[in-house]
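So this block is input02.cif, mmCIF, C-alpha atoms and all ligand atoms:
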data_final
loop_
_atom_site.group_PDB
_atom_site.id
_atom_site.type_symbol
_atom_site.label_atom_id
_atom_site.label_comp_id
_atom_site.auth_asym_id
_atom_site.auth_seq_id
_atom_site.Cartn_x
_atom_site.Cartn_y
_atom_site.Cartn_z
ATOM 1 C CA MET L 1 4.438 -12.549 11.861
ATOM 2 C CA ILE L 2 4.184 -16.270 11.128
ATOM 3 C CA ALA L 3 6.660 -18.688 9.551
ATOM 4 C CA LEU L 4 6.305 -19.644 5.896
ATOM 5 C CA SER L 5 5.912 -23.303 6.870
ATOM 6 C CA HIS L 6 2.976 -22.339 9.098
ATOM 7 C CA PHE L 7 1.422 -20.193 6.340
ATOM 8 C CA ASN L 8 1.682 -23.140 3.920
ATOM 9 C CA GLN L 9 -0.382 -25.278 6.258
ATOM 10 C CA LEU L 10 -3.090 -22.784 7.273
ATOM 11 C CA GLU L 11 -6.718 -23.462 6.366
ATOM 12 C CA PRO L 12 -7.554 -21.331 3.283
ATOM 13 C CA ASP L 13 -9.846 -18.988 5.267
ATOM 14 C CA ALA L 14 -7.158 -18.396 7.893
ATOM 15 C CA ALA L 15 -4.541 -17.804 5.196
ATOM 16 C CA MET L 16 -6.870 -15.296 3.489
ATOM 17 C CA ALA L 17 -7.467 -13.494 6.794
ATOM 18 C CA LEU L 18 -3.732 -13.232 7.403
ATOM 19 C CA LEU L 19 -3.120 -11.666 3.990
ATOM 20 C CA GLN L 20 -6.209 -9.430 3.921
ATOM 21 C CA PRO L 21 -4.477 -6.360 5.472
ATOM 22 C CA CYS L 22 -1.784 -6.482 2.743
ATOM 23 C CA VAL L 23 -4.148 -5.042 0.119
ATOM 24 C CA ALA L 24 -7.937 -4.747 -0.283
ATOM 25 C CA LEU L 25 -7.931 -6.981 -3.400
ATOM 26 C CA PRO L 26 -9.430 -10.384 -2.499
ATOM 27 C CA ASP L 27 -8.646 -11.845 -5.944
ATOM 28 C CA TRP L 28 -4.928 -11.279 -5.332
ATOM 29 C CA THR L 29 -5.125 -12.730 -1.823
ATOM 30 C CA ALA L 30 -7.102 -15.783 -2.977
ATOM 31 C CA ALA L 31 -4.681 -16.439 -5.856
ATOM 32 C CA LEU L 32 -1.689 -16.253 -3.513
ATOM 33 C CA VAL L 33 -3.342 -18.613 -1.029
ATOM 34 C CA ALA L 34 -4.213 -21.017 -3.856
ATOM 35 C CA ALA L 35 -0.584 -21.012 -5.041
ATOM 36 C CA ARG L 36 0.617 -22.585 -1.768
ATOM 37 C CA PRO L 37 2.763 -24.349 -0.689
ATOM 38 C CA PHE L 38 5.749 -22.039 -1.299
ATOM 39 C CA ALA L 39 9.210 -23.579 -1.087
ATOM 40 C CA SER L 40 10.810 -20.309 0.082
ATOM 41 C CA LEU L 41 10.079 -16.679 0.981
ATOM 42 C CA ALA L 42 11.657 -15.742 -2.348
ATOM 43 C CA ALA L 43 9.118 -17.939 -4.160
ATOM 44 C CA LEU L 44 6.279 -16.363 -2.164
ATOM 45 C CA ARG L 45 7.532 -12.862 -2.973
ATOM 46 C CA HIS L 46 8.002 -13.735 -6.643
ATOM 47 C CA THR L 47 4.450 -15.073 -6.982
ATOM 48 C CA ALA L 48 2.987 -12.137 -5.038
ATOM 49 C CA GLN L 49 4.809 -9.681 -7.309
ATOM 50 C CA ALA L 50 3.810 -11.560 -10.465
ATOM 51 C CA LEU L 51 0.143 -11.603 -9.424
ATOM 52 C CA ALA L 52 0.292 -7.856 -8.732
ATOM 53 C CA GLU L 53 1.735 -7.075 -12.184
ATOM 54 C CA SER L 54 -1.727 -7.592 -13.690
ATOM 55 C CA TRP L 55 -3.307 -4.811 -11.586
ATOM 56 C CA GLY L 56 -4.833 -1.903 -13.505
ATOM 57 C CA SER L 57 -6.813 1.229 -12.700
ATOM 58 C CA ALA L 58 -9.797 -0.819 -11.446
ATOM 59 C CA GLU L 59 -7.637 -2.558 -8.866
ATOM 60 C CA LEU L 60 -6.067 0.762 -7.911
ATOM 61 C CA GLU L 61 -9.469 2.321 -7.216
ATOM 62 C CA GLN L 62 -10.603 -0.731 -5.230
ATOM 63 C CA ALA L 63 -7.401 -0.885 -3.168
ATOM 64 C CA LEU L 64 -7.492 2.835 -2.320
ATOM 65 C CA SER L 65 -10.610 2.251 -0.214
ATOM 66 C CA ALA L 66 -8.227 0.827 2.418
ATOM 67 C CA HIS L 67 -5.565 3.544 2.227
ATOM 68 C CA PRO L 68 -6.073 6.732 4.223
ATOM 69 C CA ARG L 69 -4.729 10.005 2.908
ATOM 70 C CA ILE L 70 -1.109 10.656 3.715
ATOM 71 C CA GLY L 71 -0.960 12.755 6.858
ATOM 72 C CA GLU L 72 -4.434 11.710 8.009
ATOM 73 C CA LYS L 73 -3.596 9.099 10.621
ATOM 74 C CA PRO L 74 -6.309 6.429 10.230
ATOM 75 C CA THR L 75 -8.414 5.950 13.344
ATOM 76 C CA GLY L 76 -9.819 2.502 12.499
ATOM 77 C CA ARG L 77 -9.016 -0.548 14.598
ATOM 78 C CA GLN L 78 -8.737 -2.803 11.534
ATOM 79 C CA ALA L 79 -5.329 -4.328 10.855
ATOM 80 C CA HIS L 80 -4.730 -2.228 7.745
ATOM 81 C CA ALA L 81 -5.369 0.998 9.701
ATOM 82 C CA ALA L 82 -2.695 0.015 12.212
ATOM 83 C CA LEU L 83 -0.330 -0.769 9.345
ATOM 84 C CA SER L 84 -1.035 2.633 7.784
ATOM 85 C CA ARG L 85 -0.309 4.407 11.059
ATOM 86 C CA GLN L 86 2.988 2.536 11.380
ATOM 87 C CA GLU L 87 3.950 3.171 7.750
ATOM 88 C CA GLN L 88 3.220 6.876 8.092
ATOM 89 C CA SER L 89 5.010 7.179 11.419
ATOM 90 C CA ALA L 90 7.873 9.194 9.904
ATOM 91 C CA VAL L 91 5.411 11.914 8.871
ATOM 92 C CA ASN L 92 5.916 14.295 11.781
ATOM 93 C CA ALA L 93 2.364 15.158 12.717
ATOM 94 C CA ASP L 94 3.654 17.938 15.001
ATOM 95 C CA ASP L 95 5.005 19.894 12.029
ATOM 96 C CA MET L 96 1.892 21.933 11.351
ATOM 97 C CA GLN L 97 3.370 23.571 8.256
ATOM 98 C CA LEU L 98 4.144 20.158 6.740
ATOM 99 C CA ALA L 99 0.724 18.811 7.700
ATOM 100 C CA GLU L 100 -0.957 21.773 6.003
ATOM 101 C CA ALA L 101 1.215 21.402 2.903
ATOM 102 C CA LEU L 102 0.330 17.698 2.704
ATOM 103 C CA ARG L 103 -3.344 18.471 3.193
ATOM 104 C CA MET L 104 -3.290 21.026 0.372
ATOM 105 C CA GLY L 105 -1.202 18.699 -1.800
ATOM 106 C CA ASN L 106 -3.667 15.865 -1.302
ATOM 107 C CA LEU L 107 -6.519 18.160 -2.335
ATOM 108 C CA ARG L 108 -4.657 19.322 -5.466
ATOM 109 C CA TYR L 109 -3.788 15.726 -6.359
ATOM 110 C CA GLU L 110 -7.387 14.539 -5.909
ATOM 111 C CA ALA L 111 -8.708 17.460 -7.952
ATOM 112 C CA ARG L 112 -6.329 16.568 -10.782
ATOM 113 C CA PHE L 113 -6.467 12.749 -10.746
ATOM 114 C CA GLY L 114 -9.751 12.011 -8.970
ATOM 115 C CA ARG L 115 -8.286 9.601 -6.420
ATOM 116 C CA VAL L 116 -6.295 9.616 -3.195
ATOM 117 C CA PHE L 117 -2.538 10.197 -3.577
ATOM 118 C CA LEU L 118 -0.851 6.842 -2.844
ATOM 119 C CA ILE L 119 2.816 6.475 -1.952
ATOM 120 C CA ARG L 120 4.851 3.838 -0.143
ATOM 121 C CA ALA L 121 5.317 5.907 3.003
ATOM 122 C CA LYS L 122 7.543 3.502 4.938
ATOM 123 C CA GLY L 123 11.105 4.796 4.984
ATOM 124 C CA ARG L 124 10.122 8.226 3.677
ATOM 125 C CA SER L 125 10.020 11.467 5.660
ATOM 126 C CA GLY L 126 7.099 13.837 5.384
ATOM 127 C CA GLU L 127 9.242 16.164 3.304
ATOM 128 C CA GLU L 128 10.164 13.383 0.868
ATOM 129 C CA ILE L 129 6.503 12.475 0.522
ATOM 130 C CA LEU L 130 5.549 16.098 -0.113
ATOM 131 C CA ASN L 131 8.274 16.401 -2.759
ATOM 132 C CA ALA L 132 7.064 13.232 -4.480
ATOM 133 C CA LEU L 133 3.501 14.548 -4.426
ATOM 134 C CA GLU L 134 4.583 17.816 -6.033
ATOM 135 C CA GLN L 135 6.571 16.005 -8.728
ATOM 136 C CA ARG L 136 3.793 13.544 -9.515
ATOM 137 C CA LEU L 137 1.261 16.336 -9.986
ATOM 138 C CA ALA L 138 3.091 16.989 -13.273
ATOM 139 C CA ASN L 139 2.459 13.423 -14.517
ATOM 140 C CA SER L 140 -0.080 12.640 -17.216
ATOM 141 C CA VAL L 141 -3.138 10.660 -16.118
ATOM 142 C CA ALA L 142 -1.738 7.455 -17.661
ATOM 143 C CA GLU L 143 1.746 7.981 -16.203
ATOM 144 C CA GLU L 144 0.274 8.582 -12.757
ATOM 145 C CA ILE L 145 -1.820 5.403 -12.828
ATOM 146 C CA ALA L 146 1.363 3.425 -13.519
ATOM 147 C CA VAL L 147 3.267 5.221 -10.743
ATOM 148 C CA ALA L 148 0.454 4.800 -8.210
ATOM 149 C CA LEU L 149 0.151 1.091 -9.062
ATOM 150 C CA GLU L 150 3.889 0.639 -8.468
ATOM 151 C CA GLN L 151 3.500 2.278 -5.053
ATOM 152 C CA LEU L 152 0.562 -0.033 -4.286
ATOM 153 C CA ARG L 153 2.721 -3.059 -5.188
ATOM 154 C CA GLU L 154 5.538 -1.800 -2.915
ATOM 155 C CA ILE L 155 3.148 -1.278 0.012
ATOM 156 C CA THR L 156 1.557 -4.684 -0.540
ATOM 157 C CA LEU L 157 4.883 -6.550 -0.734
ATOM 158 C CA LEU L 158 6.186 -4.730 2.366
ATOM 159 C CA ARG L 159 3.050 -5.729 4.291
ATOM 160 C CA LEU L 160 3.397 -9.323 3.034
ATOM 161 C CA ALA L 161 7.009 -9.386 4.278
ATOM 162 C CA GLY L 162 5.734 -8.174 7.641
ATOM 163 C CA ALA L 163 3.110 -10.910 7.824
ATOM 164 C CA ILE L 164 5.154 -13.955 6.793
ATOM 165 C CA GLY L 165 8.796 -14.495 7.747
ATOM 166 C CA GLU L 166 11.280 -17.347 8.155
HETATM 167 N N1 LIG R 201 -2.357 7.413 0.843
HETATM 168 C C1 LIG R 201 -1.302 6.637 1.147
HETATM 169 O O1 LIG R 201 -0.243 6.719 0.506
HETATM 170 N N2 LIG R 201 -1.455 5.749 2.192
HETATM 171 C C2 LIG R 201 -0.469 4.896 2.602
HETATM 172 N N3 LIG R 201 0.789 4.778 2.174
HETATM 173 C C3 LIG R 201 1.417 3.766 2.898
HETATM 174 O O2 LIG R 201 2.576 3.394 2.788
HETATM 175 N N4 LIG R 201 0.526 3.250 3.793
HETATM 176 C C4 LIG R 201 -0.663 3.922 3.641
HETATM 177 O O3 LIG R 201 -1.725 3.745 4.261
#
Could you render the structure from this file as structure tokens?
Amino acid sequence: MIALSHFNQLEPDAAMALLQPCVALPDWTAALVAARPFASLAALRHTAQALAESWGSAELEQALSAHPRIGEKPTGRQAHAALSRQEQSAVNADDMQLAEALRMGNLRYEARFGRVFLIRAKGRSGEEILNALEQRLANSVAEEIAVALEQLREITLLRLAGAIGE
């Protein structure tokens, strides 16, 4: 984590590299970097949230390339893989029944919506995630795009808060 004052002064490329693991949407990252300097963390968060409000299904598809399935601990060494592992740490991988239920749920979700099930996993148990998956399977296609985008915004803002602090 770096201080906001340090982030404000970083070279643009370094600032982009710092934010890259937040979400695989370079336009968002570049716009946030271009909006510097930020007077406070609240201002940074506000701008980050405002820039993410414009995301649609195209951004969702692009961003999902960097999000492993829930329950499939990512093996990559990239920063976002490490973040995913940490965010999914509450999903008890030793609970084989839960792991199988998540695996089947992911398959059902992908068959219905044609994309990976995305949820802000941090702070949620495996059971809570499975329940959310089951409930969301009943959503319409349009409803589910809106819900998945909101989860993407939550994940992104949580990762931003982890990257830049006081
Ligand atoms: N498919 C997912 O929901 N992935 C993820 N959720 C998180 O909170 N981090 C992830 O990588």
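Restricting the atom set to all atoms listed in the file, one finds that the residues within 7 Å of ligand LIG 201 (chain R) amount to His67, Pro68, Arg69, Ile70, Leu83, Ser84, Arg85, Glu87, Gln88, Val116, Phe117, Leu118, Ile119, Arg120, Ala121, Lys122 and Ile155 of chain L.
Between atom CA of L:Trp28 and atom CA of L:Arg112 the separation is 28.4 Å.
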#### Entry: the PyMOL selection byres (((chain L and resi 132) around 12) and not hetatm) resolved against shown file, as JSON, numbers by chain
{"L": [70, 102, 105, 106, 109, 117, 118, 119, 120, 121, 124, 125, 126, 127, 128, 129, 130, 131, 133, 134, 135, 136, 137, 138, 139, 144, 147, 148, 151]}
### Task
Name all residues at most 10 Å from L:Ala52 (count only C-alpha atoms; drop same-chain ones fewer than 3 positions away) and give them as a PyMOL selection string.
chain L and resi 25+28+46-49+55-56+59+149-150+152-154+156-157
### Query
Counting only C-alpha atoms, what is within 10 Å of L:Ala15, bar same-chain residues fewer than 2 positions away, as a list in words?
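After dropping sequence-adjacent residues, the list is His6, Phe7, Asn8, Gln9, Leu10, Glu11, Pro12, Asp13, Ala17, Leu18, Leu19, Gln20, Thr29, Ala30, Leu32, Val33, Ala34 and Arg36 of chain L.
Between L:Ala90 and the residues L:Arg115, L:Gly71, L:Met104, L:Gln78, the shortest atom-to-atom distance, using only C-alpha atoms, involves L:Gly71.
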### Atom pair atom CA of L:Leu98 / atom CA of L:Ser140: separation (Å)
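Separation between atom CA of L:Leu98 and atom CA of L:Ser140: 25.5 Å.
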## Note on the structure
Using all atoms listed in the file, the residue out of L:Gln86, L:Glu143, L:Phe38, L:Asp95 with shortest distance to L:Gly162 is L:Gln86
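Straight-line separation from atom CA of L:Phe113 to atom CA of L:Ala66: 17.8 Å.
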### Nearest to L:Val23, chosen from L:Leu4, L:Ser89, L:Ala79, L:Asp94, with all atoms listed in the file counted in the distances
L:Ala79
### Task
Identify, on the basis of all atoms listed in the file, every residue whose closest approach to L:Glu166 does not exceed 9 Å; exclude the query and any residue fewer than 4 positions from it along the same chain; express the result as number ranges by chain.
L: 2-5, 40-41
Given 5 Å of margin on each side, can you work out the centre and size in Å (one decimal) of an axis-aligned box holding every listed atom of stretch 21-37 of chain L, as AutoDock Vina command-line options?
--center_x -3.3 --center_y -14.5 --center_z -0.2 --size_x 22.2 --size_y 29.6 --size_z 21.4
